[in-house]
>>> print(open('upload_5.cif').read())   # mmCIF, C-alpha atoms
data_model
#
loop_
_atom_site.label_atom_id
_atom_site.label_comp_id
_atom_site.auth_asym_id
_atom_site.auth_seq_id
_atom_site.Cartn_x
_atom_site.Cartn_y
_atom_site.Cartn_z
CA ARG A 1 -29.76 57.45 -50.64
CA VAL A 2 -29.75 57.96 -54.41
CA PRO A 3 -32.63 60.23 -55.57
CA GLY A 4 -35.23 58.37 -57.63
CA LEU A 5 -34.28 54.92 -56.32
CA ARG A 6 -37.32 52.68 -55.95
CA TRP A 7 -37.28 49.40 -54.05
CA GLY A 8 -39.34 46.42 -55.08
CA GLY A 9 -39.62 42.83 -53.86
CA GLY A 10 -38.33 43.52 -50.35
CA THR A 11 -34.57 43.93 -50.21
CA GLN A 12 -33.94 41.77 -53.25
CA ALA A 13 -34.38 44.19 -56.15
CA PHE A 14 -34.78 47.83 -56.93
CA THR A 15 -34.89 49.97 -60.03
CA TYR A 16 -33.87 53.51 -60.81
CA ALA A 17 -36.76 55.41 -62.37
CA GLY A 18 -36.38 55.92 -66.12
CA ALA A 19 -38.06 55.32 -69.45
CA GLU A 20 -37.90 51.85 -70.97
CA ALA A 21 -36.46 53.29 -74.20
CA LEU A 22 -33.31 54.43 -72.41
CA PRO A 23 -30.11 52.32 -72.44
CA LYS A 24 -30.22 49.83 -69.58
CA ILE A 25 -27.51 49.21 -67.01
CA GLY A 26 -27.67 46.29 -64.57
CA VAL A 27 -26.17 46.47 -61.09
CA LEU A 28 -25.75 43.20 -59.21
CA THR A 29 -24.82 43.13 -55.53
CA VAL A 30 -23.37 39.76 -54.51
CA SER A 31 -23.52 39.25 -50.75
CA ASP A 32 -24.82 36.52 -48.46
CA ARG A 33 -25.48 38.89 -45.56
CA ALA A 34 -26.98 41.77 -47.55
CA SER A 35 -29.28 39.37 -49.44
CA ARG A 36 -30.51 38.06 -46.05
CA GLY A 37 -31.23 41.62 -44.95
CA GLU A 38 -28.55 41.62 -42.24
CA TYR A 39 -27.23 44.96 -43.51
CA GLN A 40 -28.26 47.51 -46.10
CA ASP A 41 -26.62 47.34 -49.51
CA VAL A 42 -24.44 50.42 -49.99
CA SER A 43 -22.29 49.22 -52.89
CA GLY A 44 -25.09 48.82 -55.46
CA PRO A 45 -26.51 52.34 -54.99
CA ASN A 46 -22.92 53.65 -54.95
CA ILE A 47 -22.34 52.18 -58.43
CA VAL A 48 -25.53 53.84 -59.70
CA GLN A 49 -24.43 57.18 -58.26
CA VAL A 50 -20.94 57.01 -59.82
CA LEU A 51 -22.26 55.92 -63.23
CA LYS A 52 -24.83 58.73 -63.23
CA GLU A 53 -21.95 61.16 -62.66
CA TYR A 54 -19.84 59.63 -65.46
CA LEU A 55 -22.56 59.35 -68.10
CA LYS A 56 -24.15 62.26 -69.90
CA THR A 57 -26.48 59.75 -71.54
CA GLU A 58 -29.52 59.12 -69.38
CA CYS A 59 -29.86 55.41 -68.56
CA HIS A 60 -32.35 53.09 -66.87
CA TYR A 61 -30.79 51.23 -63.92
CA LEU A 62 -31.93 47.72 -62.97
CA CYS A 63 -30.58 46.52 -59.63
CA ARG A 64 -30.63 43.10 -57.96
CA MET A 65 -29.08 41.40 -54.99
CA VAL A 66 -28.13 37.72 -54.73
CA PRO A 67 -26.20 35.57 -52.24
CA ASP A 68 -22.70 34.26 -52.97
CA GLU A 69 -23.86 31.33 -55.11
CA ALA A 70 -22.28 30.93 -58.56
CA GLY A 71 -25.47 29.61 -60.14
CA LEU A 72 -27.56 32.52 -58.86
CA ILE A 73 -24.94 35.07 -59.90
CA ALA A 74 -24.76 33.56 -63.39
CA ALA A 75 -28.56 33.49 -63.67
CA ALA A 76 -28.78 37.16 -62.65
CA ILE A 77 -26.17 38.16 -65.27
CA ARG A 78 -28.07 36.20 -67.93
CA SER A 79 -31.32 37.86 -66.83
CA PHE A 80 -29.79 41.33 -67.17
CA ALA A 81 -28.45 40.47 -70.64
CA SER A 82 -31.85 39.09 -71.69
CA ALA A 83 -33.48 42.31 -70.44
CA GLY A 84 -31.26 44.25 -72.86
CA CYS A 85 -28.72 45.69 -70.43
CA THR A 86 -25.75 47.09 -72.31
CA LEU A 87 -23.60 47.11 -69.16
CA VAL A 88 -23.73 45.04 -65.98
CA CYS A 89 -21.63 45.95 -62.95
CA THR A 90 -21.32 43.39 -60.20
CA THR A 91 -20.06 44.18 -56.72
CA GLY A 92 -18.68 41.63 -54.29
CA GLY A 93 -17.49 38.05 -54.34
CA THR A 94 -14.13 38.61 -56.05
CA GLY A 95 -11.74 37.79 -53.21
CA PRO A 96 -10.05 34.55 -52.11
CA ALA A 97 -12.64 33.52 -49.46
CA LEU A 98 -14.39 30.20 -49.99
CA ARG A 99 -17.74 31.92 -50.62
CA ASP A 100 -16.25 34.38 -53.17
CA VAL A 101 -17.43 32.89 -56.47
CA THR A 102 -18.25 35.82 -58.77
CA PRO A 103 -15.31 35.03 -61.12
CA GLU A 104 -16.50 31.43 -61.38
CA ALA A 105 -19.97 32.68 -62.33
CA MET A 106 -18.39 34.91 -64.98
CA THR A 107 -16.73 31.92 -66.65
CA MET A 108 -20.13 30.17 -66.69
CA VAL A 109 -21.83 32.93 -68.69
CA CYS A 110 -19.36 35.10 -70.60
CA ASP A 111 -18.49 34.53 -74.27
CA LYS A 112 -15.26 36.53 -73.95
CA MET A 113 -13.11 37.72 -71.04
CA TYR A 114 -11.20 41.02 -70.89
CA ASP A 115 -8.30 40.59 -68.47
CA GLY A 116 -7.10 44.16 -68.93
CA PHE A 117 -10.00 45.47 -66.84
CA GLY A 118 -8.94 43.47 -63.80
CA GLU A 119 -5.28 44.35 -64.27
CA GLN A 120 -6.08 48.06 -64.43
CA MET A 121 -8.43 47.97 -61.41
CA ARG A 122 -5.86 46.12 -59.29
CA ARG A 123 -3.16 48.59 -60.33
CA ALA A 124 -5.37 51.55 -59.39
CA SER A 125 -6.15 50.03 -55.99
CA LEU A 126 -2.48 49.33 -55.34
CA ASP A 127 -1.65 52.93 -56.30
CA ALA A 128 -4.33 54.07 -53.84
CA GLY A 129 -2.44 52.28 -51.05
CA VAL A 130 -4.41 49.02 -50.83
CA PRO A 131 -1.79 46.22 -50.71
CA THR A 132 -4.49 43.53 -50.53
CA ALA A 133 -5.61 44.49 -54.07
CA ILE A 134 -3.41 41.65 -55.31
CA LEU A 135 -5.93 39.24 -53.74
CA SER A 136 -8.73 40.50 -55.97
CA ARG A 137 -9.92 38.33 -58.85
CA GLN A 138 -11.90 41.11 -60.56
CA SER A 139 -12.31 40.90 -64.29
CA ALA A 140 -14.68 41.78 -67.10
CA GLY A 141 -16.28 39.90 -69.92
CA SER A 142 -19.14 40.00 -72.37
CA LEU A 143 -22.28 37.99 -72.92
CA ASN A 144 -23.49 38.71 -76.45
CA LYS A 145 -23.84 42.53 -76.53
CA THR A 146 -23.60 42.97 -72.74
CA LEU A 147 -20.38 44.10 -71.08
CA VAL A 148 -20.00 42.73 -67.53
CA ILE A 149 -17.54 44.31 -65.08
CA ASN A 150 -16.72 42.91 -61.63
CA LEU A 151 -16.19 45.61 -59.01
CA PRO A 152 -15.07 45.20 -55.39
CA GLY A 153 -17.58 44.81 -52.58
CA LYS A 154 -16.02 47.60 -50.55
CA PRO A 155 -17.99 50.80 -51.32
CA GLY A 156 -14.92 53.04 -51.01
CA SER A 157 -13.09 51.08 -53.72
CA ILE A 158 -15.83 51.25 -56.33
CA ARG A 159 -15.00 54.76 -57.55
CA THR A 160 -11.26 53.96 -57.61
CA CYS A 161 -11.86 50.97 -59.86
CA LEU A 162 -14.43 52.65 -62.10
CA ASP A 163 -12.11 55.66 -62.49
CA ALA A 164 -9.45 53.25 -63.75
CA VAL A 165 -11.51 51.48 -66.43
CA PHE A 166 -14.49 53.62 -67.36
CA PRO A 167 -12.69 55.66 -70.07
CA ALA A 168 -12.67 52.46 -72.20
CA VAL A 169 -16.21 51.28 -71.34
CA PRO A 170 -18.31 53.25 -73.88
CA TYR A 171 -16.00 52.27 -76.76
CA CYS A 172 -16.11 48.62 -75.71
CA ILE A 173 -19.91 48.84 -75.75
CA ASP A 174 -19.69 50.40 -79.25
CA LEU A 175 -17.63 47.40 -80.42
CA LEU A 176 -20.17 44.99 -78.92
CA GLY A 177 -22.96 46.66 -80.92
CA GLY A 178 -24.54 48.43 -77.96
CA PRO A 179 -25.96 51.95 -77.73
CA PHE A 180 -23.77 55.05 -77.93
CA LEU A 181 -23.03 56.22 -74.38
CA GLU A 182 -21.75 59.75 -74.01
CA GLY A 183 -19.45 60.49 -71.10
CA ASN A 184 -19.66 63.54 -68.87
CA GLN A 185 -16.35 65.21 -69.75
CA ASP A 186 -16.39 67.14 -66.45
CA LYS A 187 -16.05 63.81 -64.61
CA VAL A 188 -14.34 61.32 -66.92
CA ASN A 189 -12.44 61.37 -70.20
CA VAL A 190 -14.08 58.73 -72.38
CA PHE A 191 -11.69 57.46 -75.07
CA ARG A 192 -12.80 56.56 -78.59
CA PRO A 193 -10.03 56.07 -81.18
CA GLY A 194 -10.12 58.79 -83.81
CA ALA A 195 -12.57 60.95 -81.82
CA LYS A 196 -11.67 64.60 -81.30
#
>>> encode(input="upload_5.cif", output="structure tokens")
Amino acid sequence: RVPGLRWGGGTQAFTYAGAEALPKIGVLTVSDRASRGEYQDVSGPNIVQVLKEYLKTECHYLCRMVPDEAGLIAAAIRSFASAGCTLVCTTGGTGPALRDVTPEAMTMVCDKMYDGFGEQMRRASLDAGVPTAILSRQSAGSLNKTLVINLPGKPGSIRTCLDAVFPAVPYCIDLLGGPFLEGNQDKVNVFRPGAK
């Protein structure tokens, strides 16, 4: 369990305690079985835990869970963006299975796509000895000022993928007009061009 995690609305949504004035980060778990309560979501809380380690800036975490339905995924991403989330991390639904439709939902909502995120995450997973990483359709994109990153559904792969791309995340958010997020230099080396 992540300290301070509060559940609301059954197993469908939870929030990490924090002030409303803090930068907001959305975490979306995409899973038919987890959304039906057949197993406990581990991936969503894992994302919160990793991001809290990476970020020196205190943030407010909004978390939701939806089944593998493109329309519901897209609506959840839009809802996070409307709520002012500067970053949304999704987990699940990026593989080749028929019910894996997170990338399709991304194309429904994002203004721009950033293919380099997916390329880097797949490379990191391959380097970690996961040959099936080539089957992943992970990507990233933006909806207005919100950066959206697709992460794998496997909890053990979340840190690998975030390690690979997070150094560029705060600067991308800067370019989108979002809040300044300071990285925890003990955990991750955030890159901003020209910064010392």
>>> resolve_selection(input="upload_5.cif", expression="the PyMOL selection byres ((chain A and resi 28) around 8)", output="VMD selection string")
chain A and resid 26 to 27 29 to 30 44 63 to 66 76 to 77 88 to 91
>>> resolve_selection(input="upload_5.cif", expression="the PyMOL selection byres ((chain A and resi 93) around 12)", output="VMD selection string")
chain A and resid 28 to 33 66 to 70 73 90 to 92 94 to 106 135 to 139 150 to 154
>>> closest_residue(input="upload_5.cif", among="A:Ile149, A:Leu22, A:Leu55, A:Val109", to="Ala74 in chain A", atoms="all atoms listed in the file")
A:Val109
>>> closest_residue(input="upload_5.cif", among="A:Leu51, A:Leu62, A:Thr132, A:Pro45", to="Gly84 in chain A", atoms="only C-alpha atoms")
A:Leu62
>>> residues_around(input="upload_5.cif", residues="Arg192 in chain A", least_positions_apart="4", cutoff="10 Å", atoms="all atoms listed in the file", output="mmCIF file with C-alpha atoms, in the coordinates of the input")
data_model
loop_
_atom_site.group_PDB
_atom_site.id
_atom_site.type_symbol
_atom_site.label_atom_id
_atom_site.label_comp_id
_atom_site.auth_asym_id
_atom_site.auth_seq_id
_atom_site.Cartn_x
_atom_site.Cartn_y
_atom_site.Cartn_z
ATOM 1 C CA PRO A 167 -12.690 55.660 -70.070
ATOM 2 C CA ALA A 168 -12.670 52.460 -72.200
ATOM 3 C CA VAL A 169 -16.210 51.280 -71.340
ATOM 4 C CA PRO A 170 -18.310 53.250 -73.880
ATOM 5 C CA TYR A 171 -16.000 52.270 -76.760
ATOM 6 C CA CYS A 172 -16.110 48.620 -75.710
ATOM 7 C CA ASP A 174 -19.690 50.400 -79.250
ATOM 8 C CA LYS A 196 -11.670 64.600 -81.300
#
>>> residues_around(input="upload_5.cif", residues="range 123-130 of chain A", least_positions_apart="6", cutoff="10 Å", atoms="only C-alpha atoms", output="count of residues only")
10
>>> closest_residue(input="upload_5.cif", among="A:Thr146, A:Thr57, A:Ser35, A:Asn189", to="Leu72 in chain A", atoms="all atoms listed in the file")
A:Ser35
>>> atom_distance(input="upload_5.cif", atom1="CA of Leu176 in chain A", atom2="CA of Ala140 in chain A")
13.4 Å
>>> atom_distance(input="upload_5.cif", atom1="CA of Asn46 in chain A", atom2="CA of Ile25 in chain A")
13.6 Å
>>> residues_around(input="upload_5.cif", residues="Lys56 in chain A", least_positions_apart="5", cutoff="10 Å", atoms="all atoms listed in the file", output="PyMOL selection string")
chain A and resi 51+181-187
>>> closest_residue(input="upload_5.cif", among="A:Gly71, A:Gly194, A:Gly156, A:Gly178", to="Lys24 in chain A", atoms="all atoms listed in the file")
A:Gly178
>>> atom_distance(input="upload_5.cif", atom1="CA of Cys110 in chain A", atom2="CA of Ile173 in chain A")
14.7 Å
>>> residues_around(input="upload_5.cif", residues="Leu147 in chain A", least_positions_apart="4", cutoff="7 Å", atoms="only C-alpha atoms", output="ChimeraX atom specification")
/A:86-88,141-143,173
